[in-house]
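Notes for the one structure printed next.
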Amino acid sequence: MTKSRPKIFGIAGWKNSGKTGLAVRLVTEFTQRGYRISTIKHAHHDFDIDKVGADSFRHREAGAHEVTIVSGTRYAIMHELRGAPEPSFEEILARLAPCDLVLIEGYKREPIPKIEARRLEAAKREPLAPQDPHIFAIATDHPVEDAGSLVVFDLDDTVAIADFIAAKVGLEGPSK
């Protein structure tokens, strides 16, 4: 039996545009509504979720392909690429457990439905929306002149943004 593709919605924007804050608030809002939410965050730099000297770190340093850490409260699987190419968005999506909605932070070039986050303090101010037909709304902390037909939200109006996303992806009652 083939696993069906989950409902997904992205949050795109430049560095310091408010993507992470919005993602966190949306996860909180949707989980309070009873939905099971997963997230994917794309990093443009090397990152580590492991501490130097920890047993799992030592396993990876020794050359393990995958290291799984399991406890009574969570588990994590770290997969070392060891020079292999970064997995595609679809490959990562396929690895997730079933859920009601996957919120994507980053992956601004993926052809997925998304909202563009904009803040005055962002690293770049060049809008993504005019060139990306997959952006359906803008969440911002300042007036926007170039929205065209896009819906514009206050960056902090989490409830309205969550309602918009739920309607856009056809999110029905929680699966719990």
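Scheme for the structure tokens: letters A, B, ... for chains in order shown; per-chain residue numbers from 1; ligand numbers from 1 in order shown.
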Any chance you could tabulate, as a tab-separated table, the residues of region 20-115 of chain A at most 12 Å from region 157-165 of chain A with each one's nearest atom pair and distance in Å to one decimal, using only C-alpha atoms, in chain and rising number order?
residue	atom	partner	partner_atom	distance
A:Gly21	CA	A:Thr158	CA	10.2
A:Leu22	CA	A:Thr158	CA	7.3
A:Ala23	CA	A:Thr158	CA	9.4
A:Val24	CA	A:Thr158	CA	9.9
A:Arg25	CA	A:Thr158	CA	6.5
A:Leu26	CA	A:Thr158	CA	6.3
A:Val27	CA	A:Ala162	CA	9.2
A:Thr28	CA	A:Thr158	CA	9.5
A:Glu29	CA	A:Val159	CA	7.0
A:Phe30	CA	A:Ala162	CA	7.2
A:Thr31	CA	A:Ala162	CA	10.9
A:Gln32	CA	A:Val159	CA	11.1
A:Arg33	CA	A:Ala162	CA	10.1
A:Tyr35	CA	A:Ala162	CA	11.6
A:Leu101	CA	A:Ile165	CA	9.8
A:Val102	CA	A:Ile165	CA	11.1
A:Leu103	CA	A:Ile165	CA	9.9
A:Pro113	CA	A:Ile165	CA	9.1
A:Lys114	CA	A:Ile165	CA	8.6
A:Ile115	CA	A:Ile165	CA	8.7
Could the residues in this selection be saved with all heavy atoms as a compact mmCIF listing (two decimals), in the first residue's frame?
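Saved to selection.txt:
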# COMPACT_ATOMS: atom_id res chain seq x y z
N GLY A 21 9.19 32.32 13.62
CA GLY A 21 8.18 32.74 14.59
C GLY A 21 6.78 32.39 14.11
O GLY A 21 5.95 31.89 14.89
N LEU A 22 6.50 32.63 12.84
CA LEU A 22 5.19 32.31 12.28
C LEU A 22 4.97 30.80 12.31
O LEU A 22 3.89 30.33 12.69
CB LEU A 22 5.06 32.85 10.85
CG LEU A 22 3.74 32.56 10.14
CD1 LEU A 22 2.53 33.04 10.95
CD2 LEU A 22 3.75 33.16 8.74
N ALA A 23 5.98 30.02 11.92
CA ALA A 23 5.85 28.56 11.93
C ALA A 23 5.53 28.05 13.33
O ALA A 23 4.63 27.22 13.51
CB ALA A 23 7.13 27.91 11.40
N VAL A 24 6.23 28.56 14.33
CA VAL A 24 6.01 28.12 15.72
C VAL A 24 4.59 28.47 16.17
O VAL A 24 3.88 27.65 16.77
CB VAL A 24 7.07 28.74 16.65
CG1 VAL A 24 6.71 28.54 18.11
CG2 VAL A 24 8.45 28.15 16.35
N ARG A 25 4.16 29.68 15.86
CA ARG A 25 2.80 30.09 16.26
C ARG A 25 1.74 29.25 15.54
O ARG A 25 0.72 28.88 16.14
CB ARG A 25 2.59 31.58 15.98
CG ARG A 25 3.41 32.48 16.89
CD ARG A 25 3.03 33.96 16.77
NE ARG A 25 3.03 34.50 15.43
CZ ARG A 25 4.11 34.97 14.80
NH1 ARG A 25 5.29 34.98 15.41
NH2 ARG A 25 4.02 35.45 13.58
N LEU A 26 1.98 28.92 14.27
CA LEU A 26 1.03 28.09 13.53
C LEU A 26 0.98 26.66 14.08
O LEU A 26 -0.10 26.08 14.19
CB LEU A 26 1.36 28.08 12.04
CG LEU A 26 1.03 29.37 11.29
CD1 LEU A 26 1.63 29.36 9.89
CD2 LEU A 26 -0.49 29.60 11.22
N VAL A 27 2.13 26.10 14.42
CA VAL A 27 2.14 24.76 15.02
C VAL A 27 1.33 24.78 16.30
O VAL A 27 0.48 23.90 16.54
CB VAL A 27 3.58 24.26 15.28
CG1 VAL A 27 3.57 23.00 16.14
CG2 VAL A 27 4.31 23.99 13.97
N THR A 28 1.54 25.78 17.14
CA THR A 28 0.79 25.91 18.39
C THR A 28 -0.70 26.02 18.12
O THR A 28 -1.52 25.31 18.73
CB THR A 28 1.27 27.14 19.18
OG1 THR A 28 2.66 26.99 19.48
CG2 THR A 28 0.49 27.30 20.48
N GLU A 29 -1.08 26.88 17.18
CA GLU A 29 -2.50 27.09 16.85
C GLU A 29 -3.15 25.81 16.34
O GLU A 29 -4.24 25.42 16.80
CB GLU A 29 -2.64 28.21 15.82
CG GLU A 29 -4.06 28.48 15.37
CD GLU A 29 -4.99 29.00 16.45
OE1 GLU A 29 -4.50 29.61 17.44
OE2 GLU A 29 -6.22 28.80 16.33
N PHE A 30 -2.52 25.15 15.38
CA PHE A 30 -3.11 23.94 14.81
C PHE A 30 -3.17 22.80 15.83
O PHE A 30 -4.15 22.05 15.85
CB PHE A 30 -2.35 23.49 13.54
CG PHE A 30 -2.72 24.27 12.31
CD1 PHE A 30 -1.75 24.99 11.62
CD2 PHE A 30 -4.02 24.28 11.82
CE1 PHE A 30 -2.08 25.70 10.46
CE2 PHE A 30 -4.36 24.99 10.67
CZ PHE A 30 -3.39 25.70 9.99
N THR A 31 -2.15 22.65 16.65
CA THR A 31 -2.19 21.58 17.66
C THR A 31 -3.26 21.87 18.71
O THR A 31 -3.91 20.95 19.19
CB THR A 31 -0.82 21.33 18.31
OG1 THR A 31 -0.32 22.53 18.87
CG2 THR A 31 0.17 20.79 17.30
N GLN A 32 -3.46 23.13 19.05
CA GLN A 32 -4.55 23.48 19.98
C GLN A 32 -5.91 23.15 19.38
O GLN A 32 -6.86 22.86 20.10
CB GLN A 32 -4.49 24.96 20.37
CG GLN A 32 -3.36 25.27 21.33
CD GLN A 32 -3.23 26.76 21.61
OE1 GLN A 32 -3.78 27.62 20.92
NE2 GLN A 32 -2.46 27.08 22.64
N ARG A 33 -6.00 23.17 18.07
CA ARG A 33 -7.25 22.81 17.38
C ARG A 33 -7.40 21.30 17.27
O ARG A 33 -8.41 20.80 16.76
CB ARG A 33 -7.29 23.43 15.98
CG ARG A 33 -7.35 24.94 15.98
CD ARG A 33 -7.38 25.48 14.56
NE ARG A 33 -7.30 26.94 14.54
CZ ARG A 33 -7.53 27.67 13.46
NH1 ARG A 33 -7.87 27.09 12.31
NH2 ARG A 33 -7.42 28.98 13.52
N TYR A 35 -5.10 19.17 15.66
CA TYR A 35 -4.44 18.57 14.49
C TYR A 35 -3.06 18.04 14.84
O TYR A 35 -2.38 18.55 15.73
CB TYR A 35 -4.30 19.61 13.36
CG TYR A 35 -5.61 20.03 12.77
CD1 TYR A 35 -6.20 21.24 13.10
CD2 TYR A 35 -6.28 19.19 11.87
CE1 TYR A 35 -7.41 21.63 12.55
CE2 TYR A 35 -7.49 19.57 11.32
CZ TYR A 35 -8.05 20.78 11.67
OH TYR A 35 -9.25 21.15 11.13
N LEU A 101 -1.12 17.84 8.64
CA LEU A 101 -0.54 18.92 7.86
C LEU A 101 0.96 18.99 8.12
O LEU A 101 1.40 18.85 9.26
CB LEU A 101 -1.18 20.27 8.26
CG LEU A 101 -0.61 21.54 7.63
CD1 LEU A 101 -0.89 21.58 6.13
CD2 LEU A 101 -1.20 22.78 8.31
N VAL A 102 1.73 19.21 7.05
CA VAL A 102 3.16 19.46 7.18
C VAL A 102 3.40 20.92 6.84
O VAL A 102 3.07 21.37 5.74
CB VAL A 102 3.99 18.57 6.23
CG1 VAL A 102 5.49 18.85 6.41
CG2 VAL A 102 3.70 17.09 6.46
N LEU A 103 3.94 21.66 7.81
CA LEU A 103 4.33 23.05 7.57
C LEU A 103 5.79 23.05 7.15
O LEU A 103 6.64 22.43 7.81
CB LEU A 103 4.13 23.89 8.82
CG LEU A 103 2.68 24.19 9.19
CD1 LEU A 103 2.60 24.89 10.53
CD2 LEU A 103 2.00 25.03 8.11
N PRO A 113 2.18 25.23 -2.23
CA PRO A 113 1.44 26.40 -1.77
C PRO A 113 2.13 27.02 -0.56
O PRO A 113 2.58 26.29 0.33
CB PRO A 113 0.05 25.84 -1.42
CG PRO A 113 0.28 24.39 -1.16
CD PRO A 113 1.44 23.99 -2.04
N LYS A 114 2.23 28.35 -0.55
CA LYS A 114 2.94 28.99 0.56
C LYS A 114 2.48 30.40 0.80
O LYS A 114 1.80 31.00 -0.02
CB LYS A 114 4.45 28.93 0.34
CG LYS A 114 4.96 29.55 -0.96
CD LYS A 114 6.45 29.30 -1.17
CE LYS A 114 6.77 28.17 -2.05
NZ LYS A 114 7.09 28.38 -3.41
N ILE A 115 2.89 30.89 1.96
CA ILE A 115 2.69 32.27 2.35
C ILE A 115 4.08 32.90 2.45
O ILE A 115 5.04 32.23 2.86
CB ILE A 115 1.92 32.35 3.70
CG1 ILE A 115 1.53 33.79 4.02
CG2 ILE A 115 2.71 31.72 4.85
CD1 ILE A 115 0.52 33.90 5.17
Grab the CA of Asp132 (chain A) to CA of His42 (chain A) distance for me, in Å with one decimal place.
18.2 Å
Selection near Leu120 (chain A), 12 Å with only C-alpha atoms, sequence-local residues under 4 positions removed, as a VMD selection string
chain A and resid 13 to 18 124 to 127 139 to 144 155
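Take CA of Lys19 (chain A) and CA of Ile135 (chain A): the distance between them is 14.0 Å.
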Could you pull out the strand (DSSP E) residues of region 62-175 of chain A, going by DSSP on the backbone, and write them as number ranges by chain?
A: 66-70, 75-79, 101-105, 114-118, 135-140, 151-154
Once you have the residues from the selection above, write them out as a PDB file, in the first residue's frame, restricted to C-alpha atoms.
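result-v1.pdb, written as the output of this step:
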ATOM      1  CA  GLU A  66      22.558   6.567  10.401  1.00  0.00           C
ATOM      2  CA  VAL A  67      22.437   7.005  14.153  1.00  0.00           C
ATOM      3  CA  THR A  68      19.163   6.672  16.030  1.00  0.00           C
ATOM      4  CA  ILE A  69      18.754   7.977  19.565  1.00  0.00           C
ATOM      5  CA  VAL A  70      15.725   6.655  21.428  1.00  0.00           C
ATOM      6  CA  TYR A  75      13.627   9.568  19.086  1.00  0.00           C
ATOM      7  CA  ALA A  76      15.786  11.107  16.423  1.00  0.00           C
ATOM      8  CA  ILE A  77      17.432   9.600  13.381  1.00  0.00           C
ATOM      9  CA  MET A  78      20.487  11.397  12.051  1.00  0.00           C
ATOM     10  CA  HIS A  79      21.471  10.469   8.537  1.00  0.00           C
ATOM     11  CA  LEU A 101      -0.536  18.924   7.855  1.00  0.00           C
ATOM     12  CA  VAL A 102       3.157  19.458   7.180  1.00  0.00           C
ATOM     13  CA  LEU A 103       4.330  23.047   7.571  1.00  0.00           C
ATOM     14  CA  ILE A 104       7.415  23.787   5.503  1.00  0.00           C
ATOM     15  CA  GLU A 105       9.851  26.506   6.546  1.00  0.00           C
ATOM     16  CA  LYS A 114       2.941  28.986   0.556  1.00  0.00           C
ATOM     17  CA  ILE A 115       2.689  32.266   2.354  1.00  0.00           C
ATOM     18  CA  GLU A 116       5.460  34.839   2.120  1.00  0.00           C
ATOM     19  CA  ALA A 117       6.711  36.280   5.408  1.00  0.00           C
ATOM     20  CA  ARG A 118       7.985  39.869   5.269  1.00  0.00           C
ATOM     21  CA  ILE A 135       2.542  32.179  -3.061  1.00  0.00           C
ATOM     22  CA  PHE A 136      -1.098  32.756  -2.122  1.00  0.00           C
ATOM     23  CA  ALA A 137      -0.711  35.278   0.688  1.00  0.00           C
ATOM     24  CA  ILE A 138       1.693  37.646   2.414  1.00  0.00           C
ATOM     25  CA  ALA A 139       2.186  37.925   6.185  1.00  0.00           C
ATOM     26  CA  THR A 140       3.897  41.198   7.014  1.00  0.00           C
ATOM     27  CA  VAL A 151      -4.345  38.174   0.621  1.00  0.00           C
ATOM     28  CA  VAL A 152      -2.286  40.241   3.092  1.00  0.00           C
ATOM     29  CA  PHE A 153      -2.191  39.370   6.797  1.00  0.00           C
ATOM     30  CA  ASP A 154      -0.586  41.013   9.772  1.00  0.00           C
TER      31      ASP A 154
END
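Taking only C-alpha atoms into account, Ser38 (chain A) lies nearest to A:Ile8 out of the set A:Ala129, A:Ala84, A:Ile8, A:Val169.
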Select from region 5-159 of chain A everything DSSP, run on the backbone, classes as alpha helix (DSSP H), then give the selection as a PyMOL selection string.
chain A and resi 19-32+55-61+89-95+158-159
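The closest residue to Gly173 (chain A), picked from A:Leu81, A:Val52, A:Asp100, A:Ala123 and counting only C-alpha atoms, is A:Asp100.
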